[in-house]
>>> print(open('target.tsv').read())   # TSV, C-alpha atoms
chain	number	residue	atom	x	y	z
A	787	MET	CA	5.71	2.07	12.53
A	788	PRO	CA	4.55	4.60	15.10
A	789	ASN	CA	5.58	7.63	13.05
A	790	ALA	CA	3.78	6.65	9.83
A	791	ASN	CA	1.82	9.91	9.91
A	792	SER	CA	4.97	12.00	10.03
A	793	ALA	CA	6.34	9.77	7.27
A	794	TYR	CA	3.32	10.75	5.16
A	795	PHE	CA	4.15	14.45	5.41
A	796	SER	CA	7.87	13.81	4.88
A	797	PHE	CA	7.06	11.86	1.72
A	798	ALA	CA	4.61	14.54	0.60
A	799	SER	CA	7.32	17.17	0.98
A	800	LEU	CA	9.90	15.01	-0.80
A	801	LEU	CA	7.54	14.30	-3.68
A	802	ALA	CA	6.59	17.97	-3.96
A	803	THR	CA	10.20	19.17	-4.01
A	804	SER	CA	10.95	16.54	-6.65
A	805	GLY	CA	8.09	17.87	-8.76
A	806	GLN	CA	6.05	14.68	-8.43
A	807	PRO	CA	2.25	15.00	-8.60
A	808	VAL	CA	1.65	11.64	-6.87
A	809	SER	CA	0.46	11.43	-3.27
A	810	PRO	CA	2.38	9.39	-0.69
A	811	ALA	CA	-0.81	7.39	-0.11
A	812	GLU	CA	-1.04	6.32	-3.76
A	813	LEU	CA	2.65	5.50	-3.85
A	814	HIS	CA	2.44	3.37	-0.69
A	815	GLY	CA	-0.69	1.65	-1.99
A	816	LEU	CA	1.11	0.82	-5.25
A	817	LEU	CA	4.08	-0.63	-3.41
A	818	LEU	CA	1.99	-2.65	-1.00
A	819	GLY	CA	-0.33	-3.84	-3.77
A	820	ARG	CA	2.46	-5.09	-5.99
A	821	SER	CA	4.10	-6.85	-3.04
A	822	CYS	CA	0.79	-8.48	-2.06
A	823	GLY	CA	0.32	-9.53	-5.68
A	824	GLY	CA	3.55	-11.50	-5.72
A	825	ALA	CA	6.08	-9.03	-7.11
A	826	GLY	CA	8.42	-9.75	-4.22
A	827	PHE	CA	10.60	-7.35	-2.31
A	828	ASP	CA	13.55	-6.73	-4.60
A	829	SER	CA	14.09	-2.99	-4.80
A	830	ALA	CA	15.14	-2.83	-8.48
A	831	PRO	CA	11.72	-3.81	-9.96
A	832	TRP	CA	9.98	-1.62	-7.38
A	833	LEU	CA	12.08	1.36	-8.40
A	834	GLU	CA	11.26	0.65	-12.07
A	835	ASP	CA	7.52	0.63	-11.28
A	836	ALA	CA	7.89	3.77	-9.16
A	837	ALA	CA	9.80	5.49	-11.98
A	838	GLU	CA	6.95	4.64	-14.34
A	839	LEU	CA	4.49	6.27	-11.95
A	840	LEU	CA	6.71	9.21	-11.02
A	841	GLY	CA	8.53	9.87	-14.26
A	842	ASP	CA	11.75	8.45	-15.58
A	843	SER	CA	14.25	10.25	-13.40
A	844	LEU	CA	14.22	9.68	-9.65
A	845	PRO	CA	16.45	11.98	-7.61
A	846	ASP	CA	18.75	10.06	-5.29
A	847	ASN	CA	16.99	11.24	-2.13
A	848	LEU	CA	13.65	10.03	-3.50
A	849	ARG	CA	15.23	6.75	-4.61
A	850	GLN	CA	16.58	6.18	-1.08
A	851	ALA	CA	13.20	7.03	0.48
A	852	LEU	CA	11.49	4.55	-1.85
A	853	ILE	CA	13.94	1.82	-0.85
A	854	GLY	CA	13.17	2.61	2.80
A	855	LEU	CA	9.45	2.39	2.08
A	856	GLN	CA	10.01	-0.98	0.39
A	857	GLU	CA	11.82	-2.23	3.50
A	858	MET	CA	8.95	-1.03	5.69
A	859	VAL	CA	6.45	-2.93	3.54
A	860	ARG	CA	8.61	-6.06	3.62
A	861	GLY	CA	8.77	-5.90	7.41
A	862	GLU	CA	5.03	-5.47	7.73
A	863	LEU	CA	4.09	-8.26	5.36
A	864	THR	CA	6.63	-10.78	6.59
A	865	GLY	CA	6.69	-9.81	10.28
A	866	THR	CA	4.65	-11.10	13.17
A	867	GLU	CA	2.20	-8.19	13.35
A	868	MET	CA	-1.19	-8.91	11.86
A	869	ALA	CA	-1.72	-5.44	10.39
A	870	VAL	CA	-0.05	-2.99	8.08
A	871	VAL	CA	0.42	0.72	8.68
A	872	LEU	CA	-1.10	2.86	5.96
A	873	LEU	CA	0.83	5.91	4.83
A	874	LEU	CA	-1.95	8.47	5.33
A	875	PRO	CA	-2.34	11.98	6.77
A	876	THR	CA	-2.72	12.46	10.53
A	877	ASP	CA	-6.06	12.47	12.33
A	878	GLU	CA	-5.68	16.24	12.70
A	879	THR	CA	-6.08	16.60	8.92
A	880	ALA	CA	-9.62	17.39	7.77
A	881	LEU	CA	-11.68	14.26	7.14
A	882	PRO	CA	-12.33	15.01	3.43
A	883	GLU	CA	-8.55	15.22	2.84
A	884	ARG	CA	-7.93	11.97	4.75
A	885	ALA	CA	-10.75	10.30	2.83
A	886	GLN	CA	-9.24	11.47	-0.46
A	887	ALA	CA	-5.85	10.05	0.55
A	888	LEU	CA	-7.55	6.79	1.55
A	889	GLY	CA	-9.14	6.59	-1.91
A	890	GLU	CA	-5.76	7.31	-3.54
A	891	TRP	CA	-4.19	4.56	-1.40
A	892	CYS	CA	-6.84	2.07	-2.54
A	893	GLN	CA	-6.38	3.08	-6.18
A	894	GLY	CA	-2.61	2.71	-5.89
A	895	PHE	CA	-3.02	-0.68	-4.22
A	896	LEU	CA	-5.34	-1.93	-6.95
A	897	ASN	CA	-2.94	-0.72	-9.66
A	898	GLY	CA	0.08	-2.33	-8.00
A	899	PHE	CA	-1.75	-5.56	-7.30
A	900	GLY	CA	-3.03	-5.70	-10.87
A	901	MET	CA	0.48	-5.20	-12.28
A	902	ALA	CA	1.84	-8.05	-10.19
A	903	ILE	CA	-0.98	-10.58	-10.29
A	904	ALA	CA	-1.56	-10.56	-14.07
A	905	ASP	CA	-4.17	-13.21	-14.85
A	906	GLN	CA	-3.69	-15.48	-11.83
A	907	ALA	CA	-6.95	-16.99	-10.55
A	908	LEU	CA	-8.02	-15.68	-7.15
A	909	SER	CA	-10.19	-17.11	-4.40
A	910	SER	CA	-13.63	-15.67	-3.76
A	911	GLU	CA	-12.27	-14.08	-0.54
A	912	ALA	CA	-9.50	-12.32	-2.47
A	913	MET	CA	-11.96	-11.14	-5.11
A	914	GLU	CA	-14.20	-9.76	-2.35
A	915	VAL	CA	-11.28	-7.82	-0.83
A	916	LEU	CA	-10.44	-6.33	-4.25
A	917	GLN	CA	-14.07	-5.35	-4.78
A	918	ASP	CA	-14.10	-3.72	-1.34
A	919	LEU	CA	-10.98	-1.74	-2.21
A	920	ALA	CA	-12.54	-0.58	-5.47
A	921	SER	CA	-15.65	0.52	-3.59
A	922	ILE	CA	-13.61	2.35	-0.95
A	923	ALA	CA	-11.67	4.16	-3.69
A	924	GLN	CA	-14.97	5.49	-5.06
A	925	VAL	CA	-16.62	6.48	-1.76
A	926	GLN	CA	-13.89	8.90	-0.68
A	927	SER	CA	-15.92	12.06	-1.32
A	928	ALA	CA	-18.94	10.78	0.62
A	929	LEU	CA	-17.30	11.15	4.04
A	930	GLU	CA	-18.17	14.41	5.75
A	931	GLU	CA	-16.82	16.05	8.89
A	932	SER	CA	-19.05	14.48	11.53
A	933	GLU	CA	-18.92	11.92	14.27
A	934	ASP	CA	-20.43	9.33	11.93
A	935	GLY	CA	-17.96	10.25	9.21
A	936	GLU	CA	-15.04	9.78	11.63
A	937	SER	CA	-16.46	6.46	12.77
A	938	ASP	CA	-16.87	5.26	9.18
A	939	TYR	CA	-13.34	6.36	8.34
A	940	MET	CA	-11.91	4.49	11.33
A	941	GLU	CA	-13.81	1.31	10.40
A	942	VAL	CA	-12.45	1.46	6.87
A	943	MET	CA	-8.93	2.09	8.20
A	944	GLU	CA	-9.11	-0.97	10.44
A	945	TYR	CA	-10.30	-3.09	7.53
A	946	LEU	CA	-7.50	-1.81	5.29
A	947	ARG	CA	-4.89	-2.62	7.92
A	948	VAL	CA	-5.69	-6.34	7.66
A	949	ALA	CA	-7.22	-6.84	4.18
A	950	PRO	CA	-3.86	-6.69	2.33
A	951	LEU	CA	-2.59	-9.54	4.50
A	952	LEU	CA	-5.23	-11.88	3.06
A	953	LEU	CA	-4.09	-11.02	-0.45
A	954	PHE	CA	-0.43	-11.38	0.51
A	955	THR	CA	-1.08	-14.77	2.09
A	956	GLU	CA	-2.81	-15.98	-1.05
A	957	CYS	CA	-0.75	-14.35	-3.78
A	958	GLY	CA	2.33	-12.62	-2.46
A	959	LYS	CA	4.18	-15.26	-0.54
A	960	THR	CA	6.62	-17.10	-2.68
A	961	ALA	CA	6.37	-20.85	-2.54
A	962	PRO	CA	9.15	-22.44	-0.54
A	963	ALA	CA	11.81	-24.06	-2.64
A	964	GLU	CA	11.16	-27.72	-3.09
A	965	SER	CA	13.47	-29.90	-1.07
A	966	LYS	CA	15.52	-32.09	-3.25
A	967	PRO	CA	16.77	-35.29	-1.76
A	968	SER	CA	20.47	-35.23	-1.25
A	969	ILE	CA	22.52	-37.84	-2.95
A	970	HIS	CA	25.26	-39.26	-0.82
>>> encode(input="target.tsv", output="structure tokens")
Amino acid sequence: MPNANSAYFSFASLLATSGQPVSPAELHGLLLGRSCGGAGFDSAPWLEDAAELLGDSLPDNLRQALIGLQEMVRGELTGTEMAVVLLLPTDETALPERAQALGEWCQGFLNGFGMAIADQALSSEAMEVLQDLASIAQVQSALEESEDGESDYMEVMEYLRVAPLLLFTECGKTAPAESKPSIH
């Protein structure tokens, strides 16, 4: 999605006008996390989880935007691309603000994944990805405006564009329906 950055600011505006204190990054992380954890792509449960995060009443324009976000996530996780687009501020935004949004995204992802996965056993690779996400969520304030800070941020971004796919491959894909022999 080439205009993900403009989508971030559109969502931020929509959430603000709806009186929602949640960042678009956290919201996108939650959605992606729950989808990677096996919650599927049906919009009704997603809207229920979003309503829990955002408050009980979702204005229709916000509800429609959330359904669109769900469709974007579905396309990314089930499509042929090997990366997801994170809903984060543009590169023109100050690094500390982008780092904060990145931490919020990770926190949202972990919350969504945790809601969906329950107590399912995970591989060591999946556990490592989750530990990385928890670490990234905590390190957000350590990035400073500098060339090294920008480089670190970009490395983390690249990692986060592919890490959810490992979790989706392990936990989020629904098992194909078993073929039953046909009786003739």
>>> closest_atom_pairs(input="target.tsv", of="region 863-923 of chain A", to="region 928-950 of chain A", cutoff="6 Å", atoms="only C-alpha atoms", output="tab-separated table")
residue	atom	partner	partner_atom	distance
A:Ala869	CA	A:Val948	CA	4.9
A:Val870	CA	A:Arg947	CA	4.9
A:Leu881	CA	A:Glu931	CA	5.7
>>> closest_residue(input="target.tsv", among="A:Gln906, A:Gln856, A:Thr864, A:Thr879", to="Phe795 (chain A)", atoms="only C-alpha atoms")
A:Thr879
>>> closest_residue(input="target.tsv", among="A:Thr866, A:Ser843, A:Gln924, A:Ser792", to="Gly889 (chain A)", atoms="only C-alpha atoms")
A:Gln924
>>> atom_distance(input="target.tsv", atom1="CA of Met858 (chain A)", atom2="CA of Ser804 (chain A)")
21.6 Å
>>> residues_around(input="target.tsv", residues="Gly898 (chain A)", least_positions_apart="5", cutoff="12 Å", atoms="all atoms listed in the file", output="ChimeraX atom specification")
/A:812-826,831-832,835-836,838-839,891-893,903-904,916,950,958
>>> write_last_selection(input="target.tsv", atoms="C-alpha atoms", output="compact mmCIF listing (two decimals), in the frame of the given file")
# COMPACT_ATOMS: atom_id res chain seq x y z
CA GLU A 812 -1.04 6.32 -3.76
CA LEU A 813 2.65 5.50 -3.85
CA HIS A 814 2.44 3.37 -0.69
CA GLY A 815 -0.69 1.65 -1.99
CA LEU A 816 1.11 0.82 -5.25
CA LEU A 817 4.08 -0.63 -3.41
CA LEU A 818 1.99 -2.65 -1.00
CA GLY A 819 -0.33 -3.84 -3.77
CA ARG A 820 2.46 -5.09 -5.99
CA SER A 821 4.10 -6.85 -3.04
CA CYS A 822 0.79 -8.48 -2.06
CA GLY A 823 0.32 -9.53 -5.68
CA GLY A 824 3.55 -11.50 -5.72
CA ALA A 825 6.08 -9.03 -7.11
CA GLY A 826 8.42 -9.75 -4.22
CA PRO A 831 11.72 -3.81 -9.96
CA TRP A 832 9.98 -1.62 -7.38
CA ASP A 835 7.52 0.63 -11.28
CA ALA A 836 7.89 3.77 -9.16
CA GLU A 838 6.95 4.64 -14.34
CA LEU A 839 4.49 6.27 -11.95
CA TRP A 891 -4.19 4.56 -1.40
CA CYS A 892 -6.84 2.07 -2.54
CA GLN A 893 -6.38 3.08 -6.18
CA ILE A 903 -0.98 -10.58 -10.29
CA ALA A 904 -1.56 -10.56 -14.07
CA LEU A 916 -10.44 -6.33 -4.25
CA PRO A 950 -3.86 -6.69 2.33
CA GLY A 958 2.33 -12.62 -2.46
>>> closest_residue(input="target.tsv", among="A:Gln806, A:Ser829, A:Gln917, A:Ser910", to="Arg860 (chain A)", atoms="only C-alpha atoms")
A:Ser829
>>> closest_residue(input="target.tsv", among="A:Met901, A:Leu953, A:Ala887, A:Val925", to="Met913 (chain A)", atoms="all atoms listed in the file")
A:Leu953
>>> axis_aligned_box(input="target.tsv", around="region 891-898 of chain A", padding_each_side="8 Å", output="AutoDock Vina command-line options")
--center_x -3.4 --center_y 1.1 --center_z -5.5 --size_x 22.9 --size_y 22.9 --size_z 24.3
>>> atom_distance(input="target.tsv", atom1="CA of Ala885 (chain A)", atom2="CA of Leu844 (chain A)")
27.9 Å
>>> atom_distance(input="target.tsv", atom1="CA of Leu952 (chain A)", atom2="CA of Ala912 (chain A)")
7.0 Å
>>> closest_residue(input="target.tsv", among="A:Ala798, A:Ala902, A:Ala811, A:Ala923", to="Leu873 (chain A)", atoms="all atoms listed in the file")
A:Ala811
>>> closest_residue(input="target.tsv", among="A:Asn847, A:Asn897, A:Glu890, A:Val859", to="Pro875 (chain A)", atoms="all atoms listed in the file")
A:Glu890
>>> build_atoms(input="target.tsv", residues="region 814-825 of chain A", atoms="all heavy atoms", output="PDB file, keeping the file's coordinate frame")
ATOM      1  N   HIS A 814       2.390   4.476  -1.651  1.00  0.00           N
ATOM      2  CA  HIS A 814       2.440   3.370  -0.690  1.00  0.00           C
ATOM      3  C   HIS A 814       1.473   2.269  -1.084  1.00  0.00           C
ATOM      4  O   HIS A 814       1.799   1.082  -0.997  1.00  0.00           O
ATOM      5  CB  HIS A 814       2.124   3.880   0.722  1.00  0.00           C
ATOM      6  CG  HIS A 814       2.198   2.815   1.759  1.00  0.00           C
ATOM      7  ND1 HIS A 814       1.088   2.331   2.394  1.00  0.00           N
ATOM      8  CD2 HIS A 814       3.257   2.131   2.265  1.00  0.00           C
ATOM      9  CE1 HIS A 814       1.453   1.389   3.255  1.00  0.00           C
ATOM     10  NE2 HIS A 814       2.763   1.252   3.192  1.00  0.00           N
ATOM     11  N   GLY A 815       0.276   2.648  -1.527  1.00  0.00           N
ATOM     12  CA  GLY A 815      -0.690   1.650  -1.990  1.00  0.00           C
ATOM     13  C   GLY A 815      -0.136   0.837  -3.147  1.00  0.00           C
ATOM     14  O   GLY A 815      -0.277  -0.389  -3.183  1.00  0.00           O
ATOM     15  N   LEU A 816       0.508   1.508  -4.098  1.00  0.00           N
ATOM     16  CA  LEU A 816       1.110   0.820  -5.250  1.00  0.00           C
ATOM     17  C   LEU A 816       2.153  -0.190  -4.783  1.00  0.00           C
ATOM     18  O   LEU A 816       2.148  -1.344  -5.211  1.00  0.00           O
ATOM     19  CB  LEU A 816       1.743   1.839  -6.192  1.00  0.00           C
ATOM     20  CG  LEU A 816       2.461   1.245  -7.405  1.00  0.00           C
ATOM     21  CD1 LEU A 816       1.459   0.852  -8.483  1.00  0.00           C
ATOM     22  CD2 LEU A 816       3.470   2.230  -7.965  1.00  0.00           C
ATOM     23  N   LEU A 817       3.025   0.239  -3.903  1.00  0.00           N
ATOM     24  CA  LEU A 817       4.080  -0.630  -3.410  1.00  0.00           C
ATOM     25  C   LEU A 817       3.506  -1.830  -2.667  1.00  0.00           C
ATOM     26  O   LEU A 817       3.878  -2.976  -2.918  1.00  0.00           O
ATOM     27  CB  LEU A 817       5.025   0.149  -2.499  1.00  0.00           C
ATOM     28  CG  LEU A 817       6.069  -0.649  -1.726  1.00  0.00           C
ATOM     29  CD1 LEU A 817       6.952  -1.449  -2.662  1.00  0.00           C
ATOM     30  CD2 LEU A 817       6.906   0.295  -0.881  1.00  0.00           C
ATOM     31  N   LEU A 818       2.580  -1.564  -1.766  1.00  0.00           N
ATOM     32  CA  LEU A 818       1.990  -2.650  -1.000  1.00  0.00           C
ATOM     33  C   LEU A 818       1.199  -3.587  -1.906  1.00  0.00           C
ATOM     34  O   LEU A 818       1.272  -4.808  -1.770  1.00  0.00           O
ATOM     35  CB  LEU A 818       1.095  -2.081   0.107  1.00  0.00           C
ATOM     36  CG  LEU A 818       0.624  -3.062   1.161  1.00  0.00           C
ATOM     37  CD1 LEU A 818       1.798  -3.663   1.917  1.00  0.00           C
ATOM     38  CD2 LEU A 818      -0.319  -2.370   2.130  1.00  0.00           C
ATOM     39  N   GLY A 819       0.454  -3.030  -2.850  1.00  0.00           N
ATOM     40  CA  GLY A 819      -0.330  -3.840  -3.770  1.00  0.00           C
ATOM     41  C   GLY A 819       0.522  -4.772  -4.613  1.00  0.00           C
ATOM     42  O   GLY A 819       0.223  -5.954  -4.767  1.00  0.00           O
ATOM     43  N   ARG A 820       1.612  -4.244  -5.155  1.00  0.00           N
ATOM     44  CA  ARG A 820       2.460  -5.090  -5.990  1.00  0.00           C
ATOM     45  C   ARG A 820       3.137  -6.166  -5.149  1.00  0.00           C
ATOM     46  O   ARG A 820       3.310  -7.294  -5.601  1.00  0.00           O
ATOM     47  CB  ARG A 820       3.463  -4.264  -6.804  1.00  0.00           C
ATOM     48  CG  ARG A 820       4.495  -3.520  -5.989  1.00  0.00           C
ATOM     49  CD  ARG A 820       5.409  -2.645  -6.817  1.00  0.00           C
ATOM     50  NE  ARG A 820       6.213  -3.352  -7.780  1.00  0.00           N
ATOM     51  CZ  ARG A 820       7.228  -4.161  -7.468  1.00  0.00           C
ATOM     52  NH1 ARG A 820       7.550  -4.368  -6.225  1.00  0.00           N
ATOM     53  NH2 ARG A 820       7.917  -4.746  -8.417  1.00  0.00           N
ATOM     54  N   SER A 821       3.488  -5.852  -3.909  1.00  0.00           N
ATOM     55  CA  SER A 821       4.100  -6.850  -3.040  1.00  0.00           C
ATOM     56  C   SER A 821       3.080  -7.925  -2.660  1.00  0.00           C
ATOM     57  O   SER A 821       3.408  -9.110  -2.627  1.00  0.00           O
ATOM     58  CB  SER A 821       4.663  -6.189  -1.775  1.00  0.00           C
ATOM     59  OG  SER A 821       5.713  -5.307  -2.118  1.00  0.00           O
ATOM     60  N   CYS A 822       1.846  -7.518  -2.388  1.00  0.00           N
ATOM     61  CA  CYS A 822       0.790  -8.480  -2.060  1.00  0.00           C
ATOM     62  C   CYS A 822       0.427  -9.339  -3.271  1.00  0.00           C
ATOM     63  O   CYS A 822      -0.035 -10.464  -3.123  1.00  0.00           O
ATOM     64  CB  CYS A 822      -0.455  -7.771  -1.546  1.00  0.00           C
ATOM     65  SG  CYS A 822      -0.272  -7.110   0.115  1.00  0.00           S
ATOM     66  N   GLY A 823       0.628  -8.803  -4.460  1.00  0.00           N
ATOM     67  CA  GLY A 823       0.320  -9.530  -5.680  1.00  0.00           C
ATOM     68  C   GLY A 823       1.407 -10.482  -6.128  1.00  0.00           C
ATOM     69  O   GLY A 823       1.269 -11.174  -7.131  1.00  0.00           O
ATOM     70  N   GLY A 824       2.508 -10.540  -5.402  1.00  0.00           N
ATOM     71  CA  GLY A 824       3.550 -11.500  -5.720  1.00  0.00           C
ATOM     72  C   GLY A 824       4.776 -10.936  -6.392  1.00  0.00           C
ATOM     73  O   GLY A 824       5.627 -11.683  -6.864  1.00  0.00           O
ATOM     74  N   ALA A 825       4.922  -9.623  -6.449  1.00  0.00           N
ATOM     75  CA  ALA A 825       6.080  -9.030  -7.110  1.00  0.00           C
ATOM     76  C   ALA A 825       7.364  -9.163  -6.303  1.00  0.00           C
ATOM     77  O   ALA A 825       8.441  -8.877  -6.802  1.00  0.00           O
ATOM     78  CB  ALA A 825       5.822  -7.549  -7.419  1.00  0.00           C
TER      79      ALA A 825
END
